[in-house]
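Containing mmCIF, C-alpha atoms: coords38.cif.
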data_data
#
loop_
_atom_site.group_PDB
_atom_site.id
_atom_site.type_symbol
_atom_site.label_atom_id
_atom_site.label_comp_id
_atom_site.auth_asym_id
_atom_site.auth_seq_id
_atom_site.Cartn_x
_atom_site.Cartn_y
_atom_site.Cartn_z
ATOM 1 C CA MET A 1 -12.986 3.049 -18.327
ATOM 2 C CA PRO A 2 -11.432 2.154 -14.941
ATOM 3 C CA ALA A 3 -8.450 -0.195 -14.829
ATOM 4 C CA ILE A 4 -10.352 -2.778 -12.753
ATOM 5 C CA SER A 5 -13.860 -3.628 -11.579
ATOM 6 C CA LEU A 6 -15.326 -5.219 -8.468
ATOM 7 C CA ALA A 7 -15.352 -8.507 -10.383
ATOM 8 C CA ASP A 8 -11.561 -8.276 -10.697
ATOM 9 C CA VAL A 9 -11.201 -7.767 -6.938
ATOM 10 C CA LEU A 10 -13.505 -10.699 -6.195
ATOM 11 C CA ALA A 11 -11.549 -12.901 -8.603
ATOM 12 C CA ALA A 12 -8.303 -11.776 -6.966
ATOM 13 C CA ALA A 13 -9.667 -12.724 -3.542
ATOM 14 C CA ASP A 14 -10.370 -16.259 -4.770
ATOM 15 C CA ARG A 15 -6.986 -16.472 -6.497
ATOM 16 C CA ILE A 16 -4.848 -15.410 -3.552
ATOM 17 C CA ARG A 17 -6.837 -17.061 -0.753
ATOM 18 C CA PRO A 18 -4.509 -20.100 -0.477
ATOM 19 C CA PHE A 19 -1.435 -17.885 -0.141
ATOM 20 C CA VAL A 20 -2.389 -14.693 1.718
ATOM 21 C CA ARG A 21 -3.322 -14.275 5.364
ATOM 22 C CA PRO A 22 -6.674 -12.780 6.284
ATOM 23 C CA THR A 23 -5.622 -9.876 8.485
ATOM 24 C CA PRO A 24 -7.382 -9.062 11.758
ATOM 25 C CA VAL A 25 -9.225 -5.896 12.717
ATOM 26 C CA HIS A 26 -8.160 -4.408 16.059
ATOM 27 C CA THR A 27 -9.977 -1.854 18.194
ATOM 28 C CA SER A 28 -8.873 0.338 21.100
ATOM 29 C CA GLY A 29 -10.951 2.197 23.642
ATOM 30 C CA THR A 30 -8.123 4.687 24.113
ATOM 31 C CA MET A 31 -7.970 5.475 20.410
ATOM 32 C CA ASP A 32 -11.766 5.765 20.199
ATOM 33 C CA ALA A 33 -11.757 8.287 23.031
ATOM 34 C CA LEU A 34 -9.008 10.336 21.409
ATOM 35 C CA ALA A 35 -10.751 10.328 18.028
ATOM 36 C CA GLY A 36 -14.278 10.818 19.342
ATOM 37 C CA ARG A 37 -15.592 7.968 17.206
ATOM 38 C CA LYS A 38 -15.336 4.188 16.840
ATOM 39 C CA LEU A 39 -12.169 3.161 14.985
ATOM 40 C CA PHE A 40 -11.431 -0.179 13.333
ATOM 41 C CA PHE A 41 -7.775 -0.805 12.511
ATOM 42 C CA THR A 42 -7.174 -3.309 9.727
ATOM 43 C CA CYS A 43 -3.768 -4.817 10.447
ATOM 44 C CA GLU A 44 -1.878 -5.355 7.212
ATOM 45 C CA ASN A 45 1.274 -5.169 9.352
ATOM 46 C CA PHE A 46 0.455 -8.822 10.112
ATOM 47 C CA GLN A 47 0.345 -9.745 6.422
ATOM 48 C CA THR A 48 3.007 -12.042 4.989
ATOM 49 C CA THR A 49 6.197 -10.011 4.291
ATOM 50 C CA GLY A 50 4.869 -7.376 6.705
ATOM 51 C CA SER A 51 2.665 -5.306 4.422
ATOM 52 C CA PHE A 52 -0.369 -5.228 2.150
ATOM 53 C CA LYS A 53 1.940 -5.425 -0.867
ATOM 54 C CA TYR A 54 1.930 -9.214 -0.734
ATOM 55 C CA ARG A 55 -1.707 -9.232 -1.843
ATOM 56 C CA GLY A 56 -1.114 -7.427 -5.123
ATOM 57 C CA ALA A 57 2.157 -9.193 -5.865
ATOM 58 C CA THR A 58 0.600 -12.596 -5.266
ATOM 59 C CA ASN A 59 -2.394 -11.845 -7.461
ATOM 60 C CA ALA A 60 -0.206 -10.649 -10.318
ATOM 61 C CA VAL A 61 2.166 -13.618 -10.096
ATOM 62 C CA GLN A 62 -0.524 -16.267 -9.699
ATOM 63 C CA LYS A 63 -2.476 -14.877 -12.650
ATOM 64 C CA LEU A 64 0.394 -15.418 -15.113
ATOM 65 C CA ASP A 65 0.006 -18.391 -17.449
ATOM 66 C CA ALA A 66 2.566 -21.159 -17.065
ATOM 67 C CA ALA A 67 4.674 -20.230 -20.099
ATOM 68 C CA THR A 68 4.878 -16.577 -19.138
ATOM 69 C CA ALA A 69 5.554 -17.373 -15.490
ATOM 70 C CA SER A 70 8.435 -19.666 -16.370
ATOM 71 C CA ARG A 71 10.390 -16.661 -17.658
ATOM 72 C CA GLY A 72 10.130 -15.005 -14.264
ATOM 73 C CA VAL A 73 9.129 -11.575 -13.045
ATOM 74 C CA VAL A 74 11.008 -8.335 -12.533
ATOM 75 C CA THR A 75 10.302 -5.084 -10.719
ATOM 76 C CA HIS A 76 11.957 -1.982 -9.338
ATOM 77 C CA SER A 77 11.453 -1.214 -5.665
ATOM 78 C CA SER A 78 13.454 -0.455 -2.558
ATOM 79 C CA GLY A 79 10.682 -1.263 -0.132
ATOM 80 C CA ASN A 80 7.758 -3.545 0.627
ATOM 81 C CA HIS A 81 6.887 -4.430 -2.974
ATOM 82 C CA ALA A 82 10.414 -5.764 -3.489
ATOM 83 C CA GLN A 83 10.006 -8.275 -0.682
ATOM 84 C CA ALA A 84 6.442 -9.121 -1.628
ATOM 85 C CA LEU A 85 7.242 -9.930 -5.244
ATOM 86 C CA ALA A 86 10.301 -11.971 -4.294
ATOM 87 C CA LEU A 87 8.245 -14.216 -2.024
ATOM 88 C CA ALA A 88 5.255 -14.392 -4.381
ATOM 89 C CA ALA A 89 7.588 -15.621 -7.119
ATOM 90 C CA LYS A 90 9.245 -18.122 -4.783
ATOM 91 C CA VAL A 91 5.848 -19.550 -3.863
ATOM 92 C CA ARG A 92 5.030 -19.904 -7.578
ATOM 93 C CA GLY A 93 8.447 -21.508 -8.180
ATOM 94 C CA ILE A 94 9.673 -18.892 -10.651
ATOM 95 C CA PRO A 95 12.626 -16.468 -10.620
ATOM 96 C CA ALA A 96 12.251 -12.863 -9.472
ATOM 97 C CA THR A 97 14.671 -10.006 -10.106
ATOM 98 C CA VAL A 98 14.358 -6.785 -8.144
ATOM 99 C CA VAL A 99 16.123 -3.629 -9.302
ATOM 100 C CA MET A 100 17.076 -1.618 -6.221
ATOM 101 C CA PRO A 101 18.996 1.659 -5.849
ATOM 102 C CA ARG A 102 22.548 1.106 -4.679
ATOM 103 C CA THR A 103 21.703 3.432 -1.783
ATOM 104 C CA ALA A 104 18.857 1.220 -0.522
ATOM 105 C CA ALA A 105 19.299 -0.098 2.987
ATOM 106 C CA ALA A 106 21.313 -3.294 3.189
ATOM 107 C CA VAL A 107 18.649 -4.874 5.393
ATOM 108 C CA LYS A 108 16.081 -4.397 2.609
ATOM 109 C CA LYS A 109 18.350 -5.984 0.027
ATOM 110 C CA GLN A 110 18.982 -8.917 2.339
ATOM 111 C CA ALA A 111 15.257 -9.333 2.882
ATOM 112 C CA VAL A 112 14.690 -9.650 -0.872
ATOM 113 C CA ILE A 113 17.493 -12.191 -1.139
ATOM 114 C CA GLY A 114 16.106 -14.040 1.870
ATOM 115 C CA TYR A 115 12.767 -14.370 0.103
ATOM 116 C CA GLY A 116 14.509 -15.892 -2.925
ATOM 117 C CA GLY A 117 14.853 -12.828 -5.154
ATOM 118 C CA ARG A 118 17.874 -11.634 -7.132
ATOM 119 C CA VAL A 119 18.918 -8.046 -6.480
ATOM 120 C CA VAL A 120 20.339 -5.887 -9.276
ATOM 121 C CA GLU A 121 21.578 -2.493 -8.163
ATOM 122 C CA CYS A 122 21.075 0.732 -10.081
ATOM 123 C CA GLU A 123 21.708 4.422 -9.591
ATOM 124 C CA PRO A 124 19.212 6.119 -7.234
ATOM 125 C CA THR A 125 17.183 7.807 -9.962
ATOM 126 C CA VAL A 126 13.831 6.951 -11.490
ATOM 127 C CA ALA A 127 15.356 7.046 -14.969
ATOM 128 C CA ASP A 128 18.029 4.491 -14.090
ATOM 129 C CA ARG A 129 15.536 2.239 -12.345
ATOM 130 C CA LEU A 130 13.372 2.141 -15.465
ATOM 131 C CA ARG A 131 16.345 1.673 -17.776
ATOM 132 C CA VAL A 132 17.685 -1.329 -15.855
ATOM 133 C CA VAL A 133 14.317 -2.981 -15.299
ATOM 134 C CA ASN A 134 13.422 -2.650 -19.000
ATOM 135 C CA GLU A 135 16.779 -4.109 -20.023
ATOM 136 C CA ILE A 136 16.230 -7.131 -17.785
ATOM 137 C CA ALA A 137 12.699 -7.644 -19.098
ATOM 138 C CA ALA A 138 13.931 -7.428 -22.701
ATOM 139 C CA THR A 139 16.843 -9.839 -22.276
ATOM 140 C CA THR A 140 15.169 -12.440 -20.047
ATOM 141 C CA GLY A 141 11.538 -12.250 -21.123
ATOM 142 C CA ALA A 142 10.558 -11.639 -17.498
ATOM 143 C CA THR A 143 7.221 -9.942 -16.869
ATOM 144 C CA LEU A 144 7.377 -6.519 -15.275
ATOM 145 C CA ILE A 145 5.196 -6.287 -12.175
ATOM 146 C CA PRO A 146 5.344 -2.625 -11.094
ATOM 147 C CA PRO A 147 4.777 -1.625 -7.470
ATOM 148 C CA TYR A 148 1.301 -0.132 -7.884
ATOM 149 C CA ASP A 149 0.281 0.936 -11.403
ATOM 150 C CA HIS A 150 -0.865 -2.466 -12.664
ATOM 151 C CA PRO A 151 -4.452 -3.836 -12.850
ATOM 152 C CA ASP A 152 -3.659 -7.113 -11.102
ATOM 153 C CA VAL A 153 -1.731 -5.355 -8.357
ATOM 154 C CA ILE A 154 -4.587 -2.899 -7.766
ATOM 155 C CA ALA A 155 -7.140 -5.735 -7.683
ATOM 156 C CA GLY A 156 -5.033 -7.662 -5.198
ATOM 157 C CA GLN A 157 -4.765 -4.701 -2.859
ATOM 158 C CA GLY A 158 -8.524 -4.265 -2.993
ATOM 159 C CA THR A 159 -9.025 -7.677 -1.382
ATOM 160 C CA ALA A 160 -8.119 -6.149 1.994
ATOM 161 C CA ALA A 161 -11.168 -3.884 1.705
ATOM 162 C CA LEU A 162 -13.440 -6.895 1.176
ATOM 163 C CA GLU A 163 -12.160 -8.389 4.428
ATOM 164 C CA LEU A 164 -12.700 -5.137 6.329
ATOM 165 C CA LEU A 165 -16.290 -4.860 5.104
ATOM 166 C CA ALA A 166 -16.966 -8.472 6.078
ATOM 167 C CA ASP A 167 -15.519 -7.951 9.570
ATOM 168 C CA VAL A 168 -17.076 -4.563 10.358
ATOM 169 C CA PRO A 169 -20.818 -4.160 9.753
ATOM 170 C CA ASP A 170 -22.149 -0.676 9.068
ATOM 171 C CA LEU A 171 -18.764 0.866 8.345
ATOM 172 C CA GLU A 172 -19.250 4.531 7.439
ATOM 173 C CA ALA A 173 -15.807 5.613 6.240
ATOM 174 C CA VAL A 174 -12.283 4.353 5.717
ATOM 175 C CA VAL A 175 -8.924 6.147 5.767
ATOM 176 C CA VAL A 176 -6.246 4.704 3.491
ATOM 177 C CA PRO A 177 -2.607 5.864 3.201
ATOM 178 C CA VAL A 178 -1.655 6.868 -0.341
ATOM 179 C CA GLY A 179 1.638 6.948 -2.205
ATOM 180 C CA GLY A 180 1.355 5.583 -5.730
ATOM 181 C CA GLY A 181 -2.299 4.828 -5.106
ATOM 182 C CA GLY A 182 -2.450 1.067 -5.624
ATOM 183 C CA MET A 183 -4.044 0.369 -2.264
ATOM 184 C CA LEU A 184 -6.270 3.448 -2.251
ATOM 185 C CA SER A 185 -7.617 2.765 -5.742
ATOM 186 C CA GLY A 186 -8.144 -0.907 -4.896
ATOM 187 C CA TYR A 187 -10.071 0.118 -1.787
ATOM 188 C CA CYS A 188 -12.176 2.507 -3.861
ATOM 189 C CA VAL A 189 -13.249 -0.182 -6.302
ATOM 190 C CA ALA A 190 -13.944 -2.760 -3.587
ATOM 191 C CA MET A 191 -15.755 -0.376 -1.249
ATOM 192 C CA LYS A 192 -17.845 1.451 -3.831
ATOM 193 C CA GLY A 193 -18.711 -1.779 -5.596
ATOM 194 C CA THR A 194 -19.767 -3.516 -2.380
ATOM 195 C CA ASP A 195 -21.172 -0.701 -0.228
ATOM 196 C CA PRO A 196 -21.369 2.670 -2.013
ATOM 197 C CA ALA A 197 -22.367 4.390 1.245
ATOM 198 C CA VAL A 198 -18.849 4.015 2.674
ATOM 199 C CA THR A 199 -16.831 7.217 2.244
ATOM 200 C CA VAL A 200 -13.209 6.707 1.210
ATOM 201 C CA PHE A 201 -10.520 9.145 2.345
ATOM 202 C CA GLY A 202 -6.812 9.238 1.587
ATOM 203 C CA ALA A 203 -4.041 9.963 4.104
ATOM 204 C CA GLU A 204 -0.753 11.505 3.064
ATOM 205 C CA PRO A 205 2.353 13.154 4.532
ATOM 206 C CA LEU A 206 2.292 16.925 4.139
ATOM 207 C CA ASN A 207 5.826 16.649 2.748
ATOM 208 C CA ALA A 208 4.669 14.303 -0.033
ATOM 209 C CA ASP A 209 1.230 15.669 -0.852
ATOM 210 C CA ASP A 210 0.764 15.128 -4.581
ATOM 211 C CA ALA A 211 -2.501 13.208 -4.074
ATOM 212 C CA ALA A 212 -4.012 16.003 -1.987
ATOM 213 C CA ARG A 213 -2.966 18.614 -4.538
ATOM 214 C CA SER A 214 -4.204 16.469 -7.404
ATOM 215 C CA LEU A 215 -7.633 15.977 -5.867
ATOM 216 C CA ALA A 216 -7.888 19.672 -5.012
ATOM 217 C CA THR A 217 -7.141 20.754 -8.581
ATOM 218 C CA GLY A 218 -8.748 17.868 -10.461
ATOM 219 C CA ASP A 219 -5.521 17.266 -12.393
ATOM 220 C CA ARG A 220 -2.711 14.915 -11.453
ATOM 221 C CA GLN A 221 0.086 16.953 -9.921
ATOM 222 C CA PRO A 222 3.779 16.080 -9.969
ATOM 223 C CA GLN A 223 5.427 14.979 -6.753
ATOM 224 C CA VAL A 224 7.799 17.681 -5.547
ATOM 225 C CA PRO A 225 10.949 16.188 -4.005
ATOM 226 C CA PRO A 226 9.355 14.383 -1.028
ATOM 227 C CA ASN A 227 10.882 14.456 2.425
ATOM 228 C CA SER A 228 9.063 12.207 4.882
ATOM 229 C CA ILE A 229 9.796 9.342 7.240
ATOM 230 C CA ALA A 230 6.780 7.618 5.646
ATOM 231 C CA ASP A 231 9.028 6.158 2.971
ATOM 232 C CA GLY A 232 6.311 3.931 1.522
ATOM 233 C CA LEU A 233 4.272 6.960 0.457
ATOM 234 C CA LEU A 234 6.771 8.989 -1.549
ATOM 235 C CA THR A 235 5.866 7.919 -5.081
ATOM 236 C CA ASN A 236 3.687 9.663 -7.672
ATOM 237 C CA LEU A 237 0.119 8.668 -8.407
ATOM 238 C CA GLY A 238 -0.040 6.295 -11.359
ATOM 239 C CA ASP A 239 -1.717 6.492 -14.756
ATOM 240 C CA LEU A 240 -4.174 3.782 -13.686
ATOM 241 C CA THR A 241 -4.634 4.696 -10.029
ATOM 242 C CA TRP A 242 -5.266 8.425 -10.437
ATOM 243 C CA PRO A 243 -8.558 8.233 -12.429
ATOM 244 C CA ILE A 244 -10.045 5.847 -9.841
ATOM 245 C CA ILE A 245 -8.956 8.070 -6.963
ATOM 246 C CA ARG A 246 -10.244 11.192 -8.697
ATOM 247 C CA GLU A 247 -13.679 9.631 -9.124
ATOM 248 C CA HIS A 248 -14.177 7.973 -5.748
ATOM 249 C CA VAL A 249 -12.065 9.570 -3.010
ATOM 250 C CA ALA A 250 -13.921 12.177 -0.961
ATOM 251 C CA GLY A 251 -10.760 13.913 0.231
ATOM 252 C CA VAL A 252 -7.086 13.462 1.088
ATOM 253 C CA PHE A 253 -5.936 14.633 4.511
ATOM 254 C CA THR A 254 -2.288 15.531 5.117
ATOM 255 C CA VAL A 255 -0.301 15.298 8.358
ATOM 256 C CA THR A 256 3.050 16.616 9.529
ATOM 257 C CA GLU A 257 6.130 14.595 10.361
ATOM 258 C CA ALA A 258 5.618 15.296 14.066
ATOM 259 C CA GLU A 259 2.052 13.999 13.850
ATOM 260 C CA ILE A 260 3.232 10.834 12.104
ATOM 261 C CA VAL A 261 5.827 10.144 14.808
ATOM 262 C CA ALA A 262 3.331 10.804 17.606
ATOM 263 C CA ALA A 263 0.714 8.500 16.055
ATOM 264 C CA MET A 264 3.247 5.745 15.471
ATOM 265 C CA ARG A 265 4.432 5.895 19.073
ATOM 266 C CA LEU A 266 0.851 5.933 20.359
ATOM 267 C CA VAL A 267 -0.037 2.767 18.436
ATOM 268 C CA TRP A 268 3.120 1.032 19.671
ATOM 269 C CA GLU A 269 2.499 2.016 23.293
ATOM 270 C CA ARG A 270 -1.273 1.733 23.636
ATOM 271 C CA MET A 271 -2.224 -0.893 21.043
ATOM 272 C CA LYS A 272 0.986 -2.934 21.258
ATOM 273 C CA LEU A 273 1.204 -3.033 17.459
ATOM 274 C CA VAL A 274 4.456 -2.550 15.554
ATOM 275 C CA ILE A 275 3.643 -0.331 12.594
ATOM 276 C CA GLU A 276 5.870 1.563 10.175
ATOM 277 C CA PRO A 277 5.640 5.336 9.617
ATOM 278 C CA SER A 278 3.518 4.932 6.479
ATOM 279 C CA ALA A 279 0.894 3.066 8.525
ATOM 280 C CA ALA A 280 0.905 5.818 11.151
ATOM 281 C CA VAL A 281 -0.191 8.405 8.587
ATOM 282 C CA GLY A 282 -3.803 7.214 8.606
ATOM 283 C CA VAL A 283 -3.805 7.085 12.393
ATOM 284 C CA ALA A 284 -2.520 10.657 12.560
ATOM 285 C CA VAL A 285 -5.309 11.740 10.215
ATOM 286 C CA VAL A 286 -8.181 10.322 12.294
ATOM 287 C CA LEU A 287 -6.700 11.843 15.450
ATOM 288 C CA GLY A 288 -6.110 15.218 13.808
ATOM 289 C CA GLU A 289 -8.100 18.418 14.045
ATOM 290 C CA ALA A 290 -8.966 18.517 10.343
ATOM 291 C CA PHE A 291 -10.761 15.155 10.547
ATOM 292 C CA GLU A 292 -13.095 16.416 13.270
ATOM 293 C CA GLY A 293 -15.354 17.770 10.528
ATOM 294 C CA VAL A 294 -16.034 14.238 9.260
ATOM 295 C CA THR A 295 -19.322 13.052 10.748
ATOM 296 C CA ALA A 296 -18.758 9.292 10.314
ATOM 297 C CA GLY A 297 -18.998 7.448 13.628
ATOM 298 C CA ARG A 298 -17.521 4.108 12.490
ATOM 299 C CA VAL A 299 -14.263 4.546 10.633
ATOM 300 C CA GLY A 300 -11.785 1.996 9.294
ATOM 301 C CA VAL A 301 -8.088 2.859 9.434
ATOM 302 C CA VAL A 302 -5.628 0.914 7.305
ATOM 303 C CA LEU A 303 -2.372 -0.011 9.048
ATOM 304 C CA CYS A 304 -0.609 -0.744 5.793
ATOM 305 C CA GLY A 305 2.619 -2.295 7.080
ATOM 306 C CA GLY A 306 5.009 -3.010 9.923
ATOM 307 C CA ASN A 307 8.437 -3.071 8.301
ATOM 308 C CA VAL A 308 10.465 -0.685 10.411
ATOM 309 C CA SER A 309 14.092 -0.782 11.487
ATOM 310 C CA LEU A 310 14.406 -1.259 15.230
ATOM 311 C CA ASP A 311 17.923 0.162 15.111
ATOM 312 C CA LYS A 312 16.591 3.692 14.690
ATOM 313 C CA LEU A 313 13.302 4.557 16.323
ATOM 314 C CA TYR A 314 11.979 7.947 15.326
ATOM 315 C CA TRP A 315 11.260 9.140 18.825
#
In structure tokens, how does this file's structure come out?
Amino acid sequence: MPAISLADVLAAADRIRPFVRPTPVHTSGTMDALAGRKLFFTCENFQTTGSFKYRGATNAVQKLDAATASRGVVTHSSGNHAQALALAAKVRGIPATVVMPRTAAAVKKQAVIGYGGRVVECEPTVADRLRVVNEIAATTGATLIPPYDHPDVIAGQGTAALELLADVPDLEAVVVPVGGGGMLSGYCVAMKGTDPAVTVFGAEPLNADDAARSLATGDRQPQVPPNSIADGLLTNLGDLTWPIIREHVAGVFTVTEAEIVAAMRLVWERMKLVIEPSAAVGVAVVLGEAFEGVTAGRVGVVLCGGNVSLDKLYW
């Protein structure tokens, strides 16, 4: 049985509506001409905290009962989920602790602190992250809200798909970046539950291609040591996200690092949108040669976030 249903996504949309921004859909004649089809870019880079992660974090935090919420929340993340959970907890008026690798960028740690979270450093290994976060949960009673493999997080991410469907009539396909799969699985449930005719595709860096390999084999594949500038897409598929993706995703396209950089620069220059490398992955897919075989004429592209350091531009 899937981790969530369309009813969960609809309930999440009602729950988070007072706190989360509806994000706009942008179009570009230049991008349409390059892709040979009509593209609709859903701009989660404009979401609060700069990424779609605020949807899932807010849904999970707001759903907690008062007694549970009072003990706070905890997670492990060095990226967008860290900031999203910190602010979601602040809005709810409860404490948030974020376990971050000691090697995480100082600007990311400061962002979490700026949103009201407490940062606890750990060694840069998955094992140490889990050890520290479990210790904090055990000693404080805080609720663990993981970055993607959680029903309420998945349902929250799916609310973006509902907005896209409402804004774009007759959408034929959508391309969603995939790392752990929280957003992609949320999109699957929302899209297939609302309009089963929409084809859902994943987009992934070639250097972090566990989702593509998993879908090709039918079994979840381990992530080989990833090496991509799309640092939001380097995690493994989750226990909850993988079955949904396996059932509903028509294919996962992979792109090279050079293609990611080129797509990111193109969006900055021609669409005047600041997106991060992870968001450029879907753009690179729809502009790539492999996607030419997809017949859909109206395609949504998820720009999942805009948190990028301006001190080091990739081009």
Could you give me, as a ChimeraX atom specification, the residues within 8 Å of stretch 188-195 of chain A, counting all atoms listed in the file and dropping anything in the same chain fewer than 5 positions from it?
/A:4-6,9,158-159,161-162,165,200,244-245,248-249
Selected residue, from A:Val119, A:Val302, A:Ala258, A:Met100, that lies nearest to A:Ile275 when counting only C-alpha atoms
A:Val302
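Against the coordinates shown, the PyMOL selection byres ((chain A and resi 23) around 7) returns Arg21, Pro22, Pro24, Val25, Thr42, Cys43, Glu44, Phe46 and Gln47 of chain A.
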Keeping C-alpha atoms for every residue in the selection just given, could you write it to a file as a JSON list (two decimals), keeping the file's coordinate frame?
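Contents of selection.json, as written:
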[["chain", "number", "residue", "atom", "x", "y", "z"],
["A", 21, "ARG", "CA", -3.32, -14.28, 5.36],
["A", 22, "PRO", "CA", -6.67, -12.78, 6.28],
["A", 24, "PRO", "CA", -7.38, -9.06, 11.76],
["A", 25, "VAL", "CA", -9.22, -5.90, 12.72],
["A", 42, "THR", "CA", -7.17, -3.31, 9.73],
["A", 43, "CYS", "CA", -3.77, -4.82, 10.45],
["A", 44, "GLU", "CA", -1.88, -5.36, 7.21],
["A", 46, "PHE", "CA", 0.46, -8.82, 10.11],
["A", 47, "GLN", "CA", 0.34, -9.74, 6.42]]
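With atom CA of A:Leu164 on one side and atom CA of A:Asp149 on the other, the separation reads 22.8 Å.
Note that the spacing between atom CA of A:Gly305 and atom CA of A:Asp152 amounts to 19.8 Å.
Taking atom CA of A:Glu123 as the reference point, atom CA of A:Thr140 is found at 20.9 Å.
Nearest to A:Lys63 of all the residues A:Ser278, A:Thr235, A:Thr143, A:Asn45 is A:Thr143, based on all atoms listed in the file.
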Could you list the residues chosen by the PyMOL selection byres ((chain A and resi 77-92) around 9) in this structure as a PyMOL selection string?
chain A and resi 19+48-62+69+72-76+93-101+104-105+108-109+111-118+129+145-148+231-232+305+307
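Distance check against A:Pro196 using only C-alpha atoms: of A:Glu163, A:Asp170, A:Val20, A:Gly181, the minimum falls on A:Asp170.
In terms of minimum interatomic distance to A:Val267, A:Leu303 ranks closest within A:Leu303, A:Ala290, A:Ala211, A:Ala250, counting only C-alpha atoms.
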Translate the PyMOL selection byres ((chain A and resi 287) around 9) into a concrete residue list for this structure, as a CSV table (one decimal) with C-alpha atoms, keeping the file's coordinate frame.
chain,number,residue,atom,x,y,z
A,31,MET,CA,-8.0,5.5,20.4
A,34,LEU,CA,-9.0,10.3,21.4
A,35,ALA,CA,-10.8,10.3,18.0
A,36,GLY,CA,-14.3,10.8,19.3
A,263,ALA,CA,0.7,8.5,16.1
A,282,GLY,CA,-3.8,7.2,8.6
A,283,VAL,CA,-3.8,7.1,12.4
A,284,ALA,CA,-2.5,10.7,12.6
A,285,VAL,CA,-5.3,11.7,10.2
A,286,VAL,CA,-8.2,10.3,12.3
A,288,GLY,CA,-6.1,15.2,13.8
A,289,GLU,CA,-8.1,18.4,14.0
A,290,ALA,CA,-9.0,18.5,10.3
A,291,PHE,CA,-10.8,15.2,10.5
A,292,GLU,CA,-13.1,16.4,13.3
Just the residues within 12 Å of A:Leu310, please, counting all atoms listed in the file, with nothing from its chain fewer than 4 positions along; format it as a ChimeraX atom specification.
/A:107,274-276,306,314-315
Across A:Gly202, A:Gly251, A:Gly179, A:Pro2, the smallest distance to A:Thr217, with all atoms listed in the file counted, is shown by A:Gly251
